[in-house]
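Engineer: One file is attached below, structure-v8.cif, containing mmCIF, C-alpha atoms and all ligand atoms.
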```cif
data_work
#
loop_
_atom_site.label_atom_id
_atom_site.label_comp_id
_atom_site.auth_asym_id
_atom_site.auth_seq_id
_atom_site.Cartn_x
_atom_site.Cartn_y
_atom_site.Cartn_z
CA MET A 12 78.13 73.11 87.57
CA ILE A 13 80.06 71.29 90.26
CA SER A 14 78.72 71.10 93.82
CA VAL A 15 80.43 72.97 96.65
CA ASP A 16 81.28 69.70 98.40
CA ASP A 17 82.81 68.12 95.30
CA TYR A 18 84.76 71.28 94.60
CA ARG A 19 86.09 71.38 98.16
CA GLU A 20 87.26 67.77 97.78
CA ARG A 21 88.94 68.66 94.51
CA ILE A 22 90.82 71.60 96.03
CA THR A 23 91.75 69.51 99.07
CA ALA A 24 93.18 66.81 96.78
CA LEU A 25 94.99 69.45 94.73
CA LEU A 26 96.77 70.83 97.78
CA GLY A 27 97.61 67.43 99.29
CA THR A 28 99.43 67.39 102.65
CA ALA A 29 102.56 69.41 103.33
CA PRO A 30 105.62 67.31 104.18
CA ALA A 31 106.91 67.29 107.72
CA THR A 32 109.89 69.36 108.79
CA VAL A 33 111.75 69.94 112.04
CA LEU A 34 111.43 73.45 113.47
CA PRO A 35 112.63 75.15 116.67
CA LEU A 36 109.78 75.43 119.18
CA ALA A 37 109.66 79.21 118.72
CA ASP A 38 108.80 78.79 115.04
CA ALA A 39 106.19 76.07 115.50
CA ALA A 40 103.28 78.03 117.00
CA GLY A 41 100.03 77.29 115.20
CA LEU A 42 101.48 74.39 113.20
CA VAL A 43 100.41 70.76 113.49
CA LEU A 44 102.58 68.16 115.17
CA ALA A 45 103.56 65.45 112.68
CA GLU A 46 104.62 62.78 115.21
CA ASP A 47 103.95 61.71 118.79
CA VAL A 48 106.23 63.40 121.32
CA PRO A 49 107.26 61.27 124.30
CA ALA A 50 108.46 63.06 127.44
CA ARG A 51 112.27 62.95 127.73
CA VAL A 52 112.00 63.60 131.49
CA SER A 53 109.34 63.34 134.13
CA LEU A 54 107.57 66.45 135.33
CA PRO A 55 108.49 67.34 137.96
CA PRO A 56 111.84 65.62 137.27
CA PHE A 57 112.48 65.24 141.04
CA ASP A 58 110.62 65.64 144.33
CA ASN A 59 110.72 69.33 145.13
CA SER A 60 109.31 71.95 147.42
CA ALA A 61 106.05 73.70 146.52
CA MET A 62 106.76 76.49 149.01
CA ASP A 63 109.48 78.67 150.40
CA GLY A 64 109.98 77.20 153.87
CA TYR A 65 111.70 74.37 155.68
CA ALA A 66 112.12 70.71 154.79
CA VAL A 67 111.52 68.54 157.85
CA ARG A 68 110.62 65.07 158.98
CA ALA A 69 106.93 65.27 159.90
CA ALA A 70 107.62 63.09 162.95
CA ASP A 71 109.85 65.90 164.35
CA VAL A 72 107.07 68.49 164.13
CA THR A 73 104.04 66.94 165.80
CA THR A 74 103.57 69.66 168.42
CA SER A 75 103.84 73.40 168.15
CA PRO A 76 105.93 75.34 168.65
CA VAL A 77 109.02 73.25 167.85
CA THR A 78 112.55 74.63 167.44
CA LEU A 79 115.03 72.78 165.18
CA PRO A 80 118.59 73.56 164.08
CA VAL A 81 118.81 74.65 160.41
CA ALA A 82 121.43 72.29 158.98
CA ASP A 83 121.45 73.39 155.33
CA ASP A 84 120.10 75.98 152.93
CA ILE A 85 118.66 74.78 149.59
CA PRO A 86 117.94 77.41 146.96
CA ALA A 87 116.31 76.40 143.63
CA GLY A 88 118.96 75.03 141.29
CA ARG A 89 121.09 73.26 143.92
CA VAL A 90 122.18 69.92 142.54
CA ASP A 91 124.14 68.46 145.51
CA VAL A 92 121.56 68.20 148.25
CA GLY A 93 122.54 66.11 151.28
CA THR A 94 120.33 64.01 153.55
CA LEU A 95 118.14 65.64 156.20
CA GLU A 96 119.23 64.18 159.53
CA PRO A 97 116.50 63.49 162.13
CA GLY A 98 115.90 66.42 164.47
CA THR A 99 117.06 69.05 161.94
CA ALA A 100 115.48 71.28 159.29
CA HIS A 101 116.78 72.51 155.91
CA ARG A 102 115.72 75.92 154.71
CA ILE A 103 114.31 75.29 151.22
CA MET A 104 112.96 77.45 148.39
CA THR A 105 110.14 76.76 145.92
CA GLY A 106 111.30 74.36 143.19
CA ALA A 107 114.42 73.24 145.09
CA PRO A 108 115.04 69.49 145.38
CA LEU A 109 113.74 67.89 148.55
CA PRO A 110 116.59 66.46 150.63
CA PRO A 111 116.49 62.68 151.12
CA GLY A 112 114.95 61.94 154.51
CA ALA A 113 112.55 64.87 154.44
CA ASP A 114 108.86 64.04 154.12
CA ALA A 115 107.25 67.43 154.63
CA VAL A 116 107.75 71.11 153.97
CA VAL A 117 106.64 73.75 156.44
CA MET A 118 105.92 77.08 154.81
CA VAL A 119 107.93 80.06 155.92
CA GLU A 120 104.74 81.81 157.08
CA ASP A 121 104.38 79.12 159.79
CA THR A 122 107.90 79.78 161.18
CA ASP A 123 110.04 82.58 162.56
CA GLY A 124 112.18 82.41 159.39
CA GLY A 125 115.39 81.64 161.31
CA THR A 126 118.67 80.69 159.61
CA GLU A 127 120.54 79.14 162.58
CA THR A 128 117.53 77.62 164.26
CA VAL A 129 113.91 77.74 163.18
CA THR A 130 110.84 77.84 165.39
CA ILE A 131 107.87 76.20 163.72
CA THR A 132 104.41 77.19 164.91
CA ALA A 133 102.26 74.71 162.97
CA GLU A 134 102.15 70.94 162.79
CA ALA A 135 103.87 69.34 159.75
CA ARG A 136 101.75 66.91 157.79
CA GLU A 137 103.55 64.11 155.93
CA GLY A 138 103.74 64.98 152.23
CA ALA A 139 102.71 68.59 152.78
CA HIS A 140 103.92 71.11 150.17
CA ILE A 141 105.89 68.50 148.23
CA ARG A 142 105.59 68.24 144.44
CA ARG A 143 106.27 64.61 143.58
CA LEU A 144 108.43 63.33 140.75
CA GLY A 145 106.27 62.48 137.74
CA GLU A 146 103.03 63.77 139.25
CA ASP A 147 102.39 65.82 136.08
CA VAL A 148 104.12 63.74 133.36
CA VAL A 149 106.00 60.43 133.54
CA ALA A 150 109.21 60.14 131.50
CA GLY A 151 108.63 58.13 128.32
CA SER A 152 104.88 58.68 128.31
CA LEU A 153 103.10 60.55 125.52
CA ALA A 154 103.45 64.28 126.16
CA LEU A 155 101.84 65.47 122.91
CA ALA A 156 100.05 63.41 120.26
CA ALA A 157 100.61 63.70 116.51
CA GLY A 158 97.94 65.98 115.08
CA THR A 159 98.04 68.43 117.97
CA VAL A 160 97.72 72.04 116.84
CA LEU A 161 100.59 73.63 118.71
CA GLY A 162 99.31 76.46 120.89
CA HIS A 163 101.40 78.21 123.49
CA SER A 164 100.54 75.70 126.22
CA HIS A 165 101.64 72.75 124.04
CA LEU A 166 104.91 74.47 123.19
CA GLY A 167 105.46 75.18 126.88
CA LEU A 168 104.95 71.51 127.69
CA ALA A 169 107.26 70.44 124.86
CA ALA A 170 109.97 72.71 126.26
CA ALA A 171 109.39 71.46 129.81
CA VAL A 172 109.79 67.80 128.81
CA GLY A 173 113.11 68.56 127.15
CA LEU A 174 112.47 69.34 123.50
CA ALA A 175 114.16 72.13 121.57
CA GLU A 176 112.54 71.24 118.21
CA VAL A 177 109.41 69.53 116.96
CA ARG A 178 108.49 67.76 113.74
CA VAL A 179 105.53 69.61 112.23
CA HIS A 180 103.74 69.85 108.92
CA ARG A 181 105.61 72.53 107.04
CA PRO A 182 103.82 75.85 106.57
CA LEU A 183 102.71 76.17 102.94
CA ARG A 184 104.19 79.00 100.88
CA VAL A 185 101.27 80.70 99.20
CA LEU A 186 101.55 83.27 96.44
CA VAL A 187 98.54 85.61 96.48
CA ALA A 188 97.90 87.76 93.40
CA SER A 189 95.09 90.20 92.67
CA THR A 190 94.19 91.27 89.17
CA GLY A 191 92.30 94.21 87.72
CA THR A 192 93.33 97.30 85.78
CA GLU A 193 90.95 99.32 87.98
CA LEU A 194 92.92 98.49 91.15
CA VAL A 195 95.08 101.02 92.98
CA ASP A 196 97.25 100.30 96.02
CA ALA A 197 96.57 102.74 98.87
CA PRO A 198 97.56 105.43 99.63
CA ALA A 199 97.99 106.50 96.00
CA PRO A 200 95.15 108.81 94.91
CA LEU A 201 92.13 107.33 93.13
CA ARG A 202 90.90 108.56 89.80
CA HIS A 203 87.28 108.22 88.81
CA GLY A 204 86.80 104.61 87.71
CA GLN A 205 89.48 103.20 89.98
CA ILE A 206 89.10 101.41 93.33
CA TYR A 207 91.47 100.54 96.12
CA GLU A 208 92.79 97.01 96.04
CA SER A 209 91.61 94.97 99.02
CA ASN A 210 91.39 91.28 98.11
CA SER A 211 95.08 90.51 98.38
CA VAL A 212 95.32 92.18 101.79
CA MET A 213 92.33 90.20 103.03
CA LEU A 214 93.40 86.88 101.53
CA ALA A 215 96.97 87.21 102.72
CA ALA A 216 95.80 87.84 106.28
CA ALA A 217 93.27 85.00 106.19
CA ILE A 218 95.85 82.54 104.81
CA ARG A 219 98.64 83.68 107.11
CA GLU A 220 96.33 83.20 110.09
CA LEU A 221 96.15 79.49 109.26
CA GLY A 222 99.93 79.17 109.55
CA CYS A 223 101.05 79.67 105.93
CA GLU A 224 103.78 81.91 104.59
CA VAL A 225 102.38 84.40 102.09
CA GLU A 226 103.91 86.41 99.29
CA VAL A 227 101.66 89.02 97.70
CA VAL A 228 101.57 90.47 94.20
CA ARG A 229 99.04 93.28 94.13
CA SER A 230 97.01 94.75 91.32
CA VAL A 231 98.28 93.02 88.21
CA VAL A 232 96.72 94.77 85.21
CA ASP A 233 94.29 92.90 82.94
CA ASP A 234 96.89 91.97 80.36
CA VAL A 235 97.81 88.35 79.71
CA GLU A 236 101.45 89.05 78.86
CA GLU A 237 101.87 91.22 81.93
CA PHE A 238 100.18 88.63 84.14
CA ARG A 239 102.53 85.88 82.94
CA LYS A 240 105.56 88.14 83.20
CA VAL A 241 104.81 89.09 86.81
CA ILE A 242 103.59 85.74 88.15
CA GLU A 243 105.69 83.10 86.37
CA PRO A 244 109.04 84.02 87.94
CA ARG A 245 107.47 83.89 91.40
CA LEU A 246 106.02 80.39 91.05
CA ALA A 247 109.28 78.64 91.89
CA GLY A 248 109.15 77.61 95.52
CA ALA A 249 105.42 78.30 95.90
CA ASP A 250 103.12 75.54 97.10
CA LEU A 251 100.02 77.34 95.88
CA LEU A 252 99.01 80.32 93.75
CA VAL A 253 95.74 82.00 94.70
CA THR A 254 94.45 84.71 92.37
CA SER A 255 91.43 86.97 92.59
CA GLY A 256 89.53 88.52 89.70
CA GLY A 257 89.55 87.85 85.99
CA VAL A 258 87.74 84.51 85.87
CA SER A 259 84.15 85.25 84.93
CA ALA A 260 82.33 85.96 81.70
CA GLY A 261 83.61 89.44 80.81
CA ALA A 262 85.71 90.45 77.85
CA TYR A 263 88.95 91.00 79.81
CA GLU A 264 89.30 87.99 82.06
CA VAL A 265 93.04 88.00 82.46
CA VAL A 266 93.43 84.94 84.70
CA LYS A 267 91.13 82.84 82.58
CA ASP A 268 92.81 83.97 79.36
CA ALA A 269 96.32 83.41 80.69
CA LEU A 270 95.73 79.99 82.24
CA THR A 271 93.19 78.30 79.96
CA GLY A 272 94.96 75.42 78.22
CA GLN A 273 97.87 75.73 80.67
CA GLY A 274 96.61 73.09 83.12
CA VAL A 275 93.93 75.17 84.85
CA GLU A 276 90.24 74.51 84.27
CA PHE A 277 87.53 77.09 84.76
CA ARG A 278 84.03 76.16 85.79
CA LYS A 279 81.03 77.18 87.84
CA VAL A 280 80.54 76.00 91.38
CA ALA A 281 76.91 75.70 92.49
CA MET A 282 77.15 78.44 95.08
CA GLN A 283 76.26 82.08 95.53
CA PRO A 284 78.26 84.22 95.74
CA GLY A 285 81.47 82.88 94.25
CA GLY A 286 80.20 80.82 91.30
CA PRO A 287 83.01 81.24 88.75
CA GLN A 288 86.13 79.39 89.88
CA GLY A 289 89.26 77.83 88.45
CA ASN A 290 91.77 75.28 89.67
CA GLY A 291 94.62 73.17 88.40
CA ARG A 292 98.39 73.31 88.09
CA TRP A 293 100.53 75.86 86.31
CA HIS A 294 104.14 74.84 85.82
CA GLY A 295 103.39 72.13 88.35
CA VAL A 296 102.24 74.55 91.05
CA PRO A 297 98.67 74.15 92.36
CA VAL A 298 96.51 77.11 91.38
CA VAL A 299 93.17 78.26 92.80
CA THR A 300 91.61 81.20 90.99
CA LEU A 301 88.86 83.10 92.78
CA PRO A 302 86.43 85.66 91.39
CA GLY A 303 87.10 89.32 92.16
CA ASN A 304 84.21 90.50 94.29
CA PRO A 305 85.48 90.79 97.86
CA VAL A 306 82.57 88.88 99.39
CA SER A 307 82.96 86.14 96.77
CA VAL A 308 86.60 85.91 97.84
CA LEU A 309 85.66 85.55 101.50
CA VAL A 310 82.93 83.01 100.83
CA SER A 311 85.24 81.01 98.54
CA PHE A 312 87.83 81.07 101.28
CA GLU A 313 85.32 79.71 103.79
CA ALA A 314 83.70 77.19 101.45
CA PHE A 315 86.81 75.42 100.17
CA LEU A 316 90.12 77.24 100.45
CA ARG A 317 90.28 77.35 104.23
CA PRO A 318 89.37 73.67 104.74
CA ALA A 319 91.79 72.58 101.99
CA LEU A 320 94.63 74.67 103.42
CA LEU A 321 93.97 73.39 106.93
CA ALA A 322 94.02 69.81 105.67
CA ALA A 323 97.27 70.50 103.82
CA LEU A 324 98.74 71.85 107.06
CA GLY A 325 97.88 68.57 108.78
CA HIS A 326 94.72 69.62 110.61
CA THR A 327 92.05 66.97 111.02
CA ASP A 328 89.36 69.40 112.20
CA VAL A 329 88.96 71.66 109.18
CA SER A 330 85.36 72.80 109.55
CA ARG A 331 83.86 75.84 111.15
CA ARG A 332 81.47 75.07 113.99
CA ARG A 333 78.02 74.50 112.53
CA VAL A 334 74.90 75.27 114.56
CA ARG A 335 71.19 75.48 113.82
CA ALA A 336 69.35 78.73 114.40
CA ARG A 337 65.94 80.22 113.75
CA LEU A 338 65.72 82.92 111.13
CA THR A 339 64.64 86.40 112.21
CA GLU A 340 64.13 87.51 108.61
CA ALA A 341 62.84 85.73 105.51
CA MET A 342 65.43 84.83 102.88
CA SER A 343 65.43 83.58 99.33
CA SER A 344 68.05 81.66 97.42
CA PRO A 345 68.55 80.71 93.77
CA PRO A 346 67.46 77.10 93.26
CA GLY A 347 70.25 74.60 92.61
CA ARG A 348 72.87 76.72 94.37
CA ARG A 349 74.08 76.81 97.93
CA GLN A 350 73.72 80.31 99.20
CA TYR A 351 76.02 81.80 101.79
CA ARG A 352 74.76 84.96 103.46
CA ARG A 353 76.56 86.95 106.09
CA GLY A 354 74.58 86.91 109.29
CA VAL A 355 74.51 87.81 112.93
CA PHE A 356 73.95 84.85 115.22
CA THR A 357 72.72 85.38 118.77
CA LEU A 358 72.38 82.64 121.33
CA SER A 359 68.87 82.90 122.82
CA GLU A 360 68.78 83.11 126.57
CA ARG A 361 66.08 80.56 127.32
CA GLU A 362 66.59 78.22 124.41
CA VAL A 363 69.22 75.77 123.25
CA THR A 364 69.25 77.12 119.70
CA GLY A 365 70.06 80.64 118.68
CA VAL A 366 68.49 83.08 116.31
CA VAL A 367 70.11 84.41 113.19
CA GLY A 368 69.38 87.09 110.65
CA PRO A 369 71.11 88.14 107.46
CA HIS A 370 73.32 91.18 107.84
CA GLY A 371 73.83 93.47 104.87
CA GLY A 372 72.49 92.83 101.40
CA PRO A 373 73.30 89.80 99.29
CA GLY A 374 75.52 91.82 96.91
CA SER A 375 79.01 90.34 96.72
CA HIS A 376 80.62 93.78 96.62
CA LEU A 377 79.28 94.70 100.09
CA LEU A 378 82.35 94.15 102.20
CA ALA A 379 81.57 96.35 105.20
CA ALA A 380 78.68 94.17 106.38
CA PHE A 381 81.03 91.20 106.48
CA THR A 382 83.14 92.80 109.17
CA GLN A 383 80.07 93.06 111.41
CA ALA A 384 78.83 89.52 110.71
CA ASN A 385 79.79 86.65 112.99
CA CYS A 386 78.51 83.78 110.87
CA LEU A 387 77.48 82.58 107.45
CA ILE A 388 73.90 81.46 106.96
CA VAL A 389 73.85 78.49 104.59
CA LEU A 390 70.78 77.85 102.47
CA PRO A 391 71.23 74.50 100.74
CA GLU A 392 70.81 73.82 97.03
CA ASP A 393 67.25 72.49 97.36
CA VAL A 394 65.96 75.49 99.32
CA SER A 395 64.75 78.54 97.45
CA SER A 396 63.12 80.38 100.33
CA ALA A 397 63.12 80.34 104.11
CA ALA A 398 60.58 82.04 106.36
CA VAL A 399 60.93 83.78 109.70
CA GLY A 400 61.25 81.09 112.37
CA ASP A 401 62.62 78.43 110.01
CA GLU A 402 65.68 76.60 111.28
CA VAL A 403 68.77 77.09 109.13
CA ASP A 404 72.41 76.01 109.18
CA VAL A 405 74.86 78.57 110.47
CA LEU A 406 78.65 78.46 110.22
CA LEU A 407 80.19 80.37 113.12
CA LEU A 408 83.16 82.45 112.00
P1 LIG B 501 86.25 90.47 88.36
O1 LIG B 501 86.00 89.12 88.93
O2 LIG B 501 87.67 90.69 87.98
O3 LIG B 501 85.31 90.76 87.26
O4 LIG B 501 85.94 91.50 89.55
C1 LIG B 501 84.64 91.58 90.07
C2 LIG B 501 84.48 92.81 90.90
O5 LIG B 501 85.38 92.75 92.00
C3 LIG B 501 84.81 94.09 90.19
O6 LIG B 501 83.90 95.09 90.63
C4 LIG B 501 86.20 94.40 90.63
O7 LIG B 501 86.50 95.79 90.56
C5 LIG B 501 86.21 93.91 92.05
N1 LIG B 501 87.56 93.49 92.42
C6 LIG B 501 88.33 92.64 91.73
N2 LIG B 501 89.52 92.48 92.32
C7 LIG B 501 89.52 93.26 93.41
C8 LIG B 501 90.46 93.53 94.44
N3 LIG B 501 91.64 92.93 94.45
N4 LIG B 501 90.14 94.37 95.42
C9 LIG B 501 88.91 94.96 95.41
N5 LIG B 501 87.97 94.74 94.51
C10 LIG B 501 88.25 93.92 93.48
MG MG B 502 88.72 92.05 86.99
#
```
Just dump the structure as structure tokens.
Ligand code: AMP
Ligand code: MG

Structural biologist:
Amino acid sequence: MISVDDYRERITALLGTAPATVLPLADAAGLVLAEDVPARVSLPPFDNSAMDGYAVRAADVTTSPVTLPVADDIPAGRVDVGTLEPGTAHRIMTGAPLPPGADAVVMVEDTDGGTETVTITAEAREGAHIRRLGEDVVAGSLALAAGTVLGHSHLGLAAAVGLAEVRVHRPLRVLVASTGTELVDAPAPLRHGQIYESNSVMLAAAIRELGCEVEVVRSVVDDVEEFRKVIEPRLAGADLLVTSGGVSAGAYEVVKDALTGQGVEFRKVAMQPGGPQGNGRWHGVPVVTLPGNPVSVLVSFEAFLRPALLAALGHTDVSRRRVRARLTEAMSSPPGRRQYRRGVFTLSEREVTGVVGPHGGPGSHLLAAFTQANCLIVLPEDVSSAAVGDEVDVLLL
């Protein structure tokens, strides 16, 4: 048996890091920036008005009321703004460039709103309502650092400092295949002995959420020839094949039978659920084969597939947040294996730590409980039982 940590390292090494590519900003959401991005312009790029109002010289508006001639009108977008002469005002809109000579903006609410002359009823303070060049970002400075996971705010900033494209780690193209002669794709009717296929739907969503592109092949029957015939032509262009089912100790283990001796090795990982696993390369394409039970799939995803995919996508923070919590229910675990149990974690009101209890039975076919869990309780290899009140590790999902 290989340990969970060693297996995770192996899968991470197998996937490597996706090469960088240049994408339009609109296609880069959720991906990881592959290089530092310097600002092409300052933000704001010029001194401008923070208010709809009047640009003035503060020295002209020291008493109230004051009436000044309105010498110009400056909407946002004007690019030919002339100097503000002493003793005059320019009507100015939010975001419009401040005329040279002006050192304050009076907001329209403090005036009569005039267009020929304006009567100002409040004192103007030097610098008031002016957004200064470079007060947010200075041209040439670092706007976004390599390694940033591009959320909407980062993409907004990239656009604001003049970028149309960014260099990011390319999304991986993942081929997801589920196997099992018993599987039926909804909404076709079920016959006794058949079940609806769910692993590929779940895996595809989980992998897509990380920023990968996913192609799905559902419900390949347990027949080696058929498996090869369906999967082989789709390998070209894939960065990873993930299968579910057909890898354990039964008589019809299609994935194991098809890929043994083809560059994929099958072994047990010291974890529960999700022990039987396989990994390697088939026709040069990295392959990760997961067992078929839905909870085993989810736990395998959390234990090594998710961190390895995140690393391949350029993420440096690949781990779920880990907290300690006190057990509300006793638990047992097979010695020598790391047990992952679905749980519900609650932050206690008066204490720094939370409490956690297992949710749903340990059976790896019990999928419904997983949807109500918000964490995985991790009982390490050297722990075979934990009592109520014991502190345990919890991975927040
Ligand atoms: P296997 O690893 O192929 O022996 O499958 C283990 C268990 O998981 C069996 O009860 C299968 O019916 C079930 N299973 C396998 N693949 C899927 C799937 N794609 N969707 C739902 N259940 C599955
Ligand atoms: Mg099967």

Engineer: Which one of A:Pro287, A:Pro80, A:Gly368, A:Pro244 sits closest to Pro97 (chain A) if you count all atoms listed in the file?

Structural biologist: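 Selected residue with least distance to Pro97 (chain A): A:Pro80.
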
Engineer: Would you name the residues within 9 Å of ligand LIG 501 (chain B), counting only C-alpha atoms and all ligand atoms, and put them as an MDAnalysis selection string?

Structural biologist: chainID A and resid 188:195 205:213 229:230 233 254:261 263:266 287 301:307 375:376

Engineer: Which residue out of A:Val15, A:Ala262, A:Val235, A:Leu390 has the minimum interatomic distance to Gly286 (chain A) when all atoms listed in the file are used?

Structural biologist: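 So, comparing all the options, the nearest one is A:Val15.
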
Engineer: Return the single residue from A:Ala175, A:Val72, A:Ala323, A:Val298 that is closest to Cys223 (chain A), with distances computed using only C-alpha atoms.

Structural biologist: A:Ala323

Engineer: Any idea what the distance is between CA of Ala397 (chain A) and CA of Gln288 (chain A)?

Structural biologist: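 That distance, rounded to one decimal, is 27.1 Å.
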
Engineer: Given all atoms listed in the file as the basis, pick out the residue of A:His203, A:Lys267, A:Arg317, A:Lys279 nearest to ligand MG 502 (chain B).

Structural biologist: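 When distances to ligand MG 502 (chain B) are compared using all atoms listed in the file, the smallest one comes from A:Lys267.
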
Engineer: Pull the neighbourhood of (103.9, 66.5, 142.5) for me: all residues within 9 Å in file coordinates, counting all atoms listed in the file, as a list in words.

Structural biologist: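 Checking each residue against the 9 Å limit leaves Leu54, Pro55, Phe57, Asp58, Asn59, Ala61, His140, Ile141, Arg142, Arg143, Leu144, Gly145, Glu146 and Asp147 of chain A.
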
Engineer: Please determine, counting all atoms listed in the file, which residue among A:Ala82, A:Val231, A:Leu406, A:Ala197 has the shortest atom-to-atom distance to ligand MG 502 (chain B).

Structural biologist: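 Using all atoms listed in the file, the shortest distance to ligand MG 502 (chain B) belongs to A:Val231.
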
Engineer: Between CA of Ser311 (chain A) and CA of Met282 (chain A), what is the distance, to one decimal in Å?

Structural biologist: 9.2 Å

Engineer: Find the residue from A:Glu96, A:Glu236, A:Glu243, A:Asp47 that sits nearest to His294 (chain A); use all atoms listed in the file when measuring.

Structural biologist: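 Among A:Glu96, A:Glu236, A:Glu243, A:Asp47, it is A:Glu243 that comes nearest to His294 (chain A).
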
Engineer: May I ask for the distance between CA of Leu377 (chain A) and CA of Leu316 (chain A), given in Å to one decimal place?

Structural biologist: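 If I compute the distance from CA of Leu377 (chain A) to CA of Leu316 (chain A), I get 20.6 Å.
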
Engineer: What's the 6 Å shell around Ala29 (chain A), counting only C-alpha atoms, without same-chain residues fewer than 3 positions away, as a PDB file with C-alpha atoms, in the coordinates of the input?

Structural biologist:
```pdb
ATOM      1  CA  HIS A 180     103.740  69.850 108.920  1.00  0.00           C
ATOM      2  CA  ARG A 181     105.610  72.530 107.040  1.00  0.00           C
ATOM      3  CA  ALA A 323      97.270  70.500 103.820  1.00  0.00           C
ATOM      4  CA  LEU A 324      98.740  71.850 107.060  1.00  0.00           C
TER       5      LEU A 324
END
```

Engineer: Can you pull out every residue within 6 Å of Thr130 (chain A), counting all atoms listed in the file, but drop anything in the same chain fewer than 4 positions away, and send it as a VMD selection string?

Structural biologist: chain A and resid 77 to 78 122 to 123

Engineer: Place a sphere of radius 8 Å on (88.2, 72.0, 102.9) in the file coordinates and name every protein, DNA or RNA residue with an atom inside or on its surface, counting all atoms listed in the file; give the answer as a count of residues only.

Structural biologist: 15
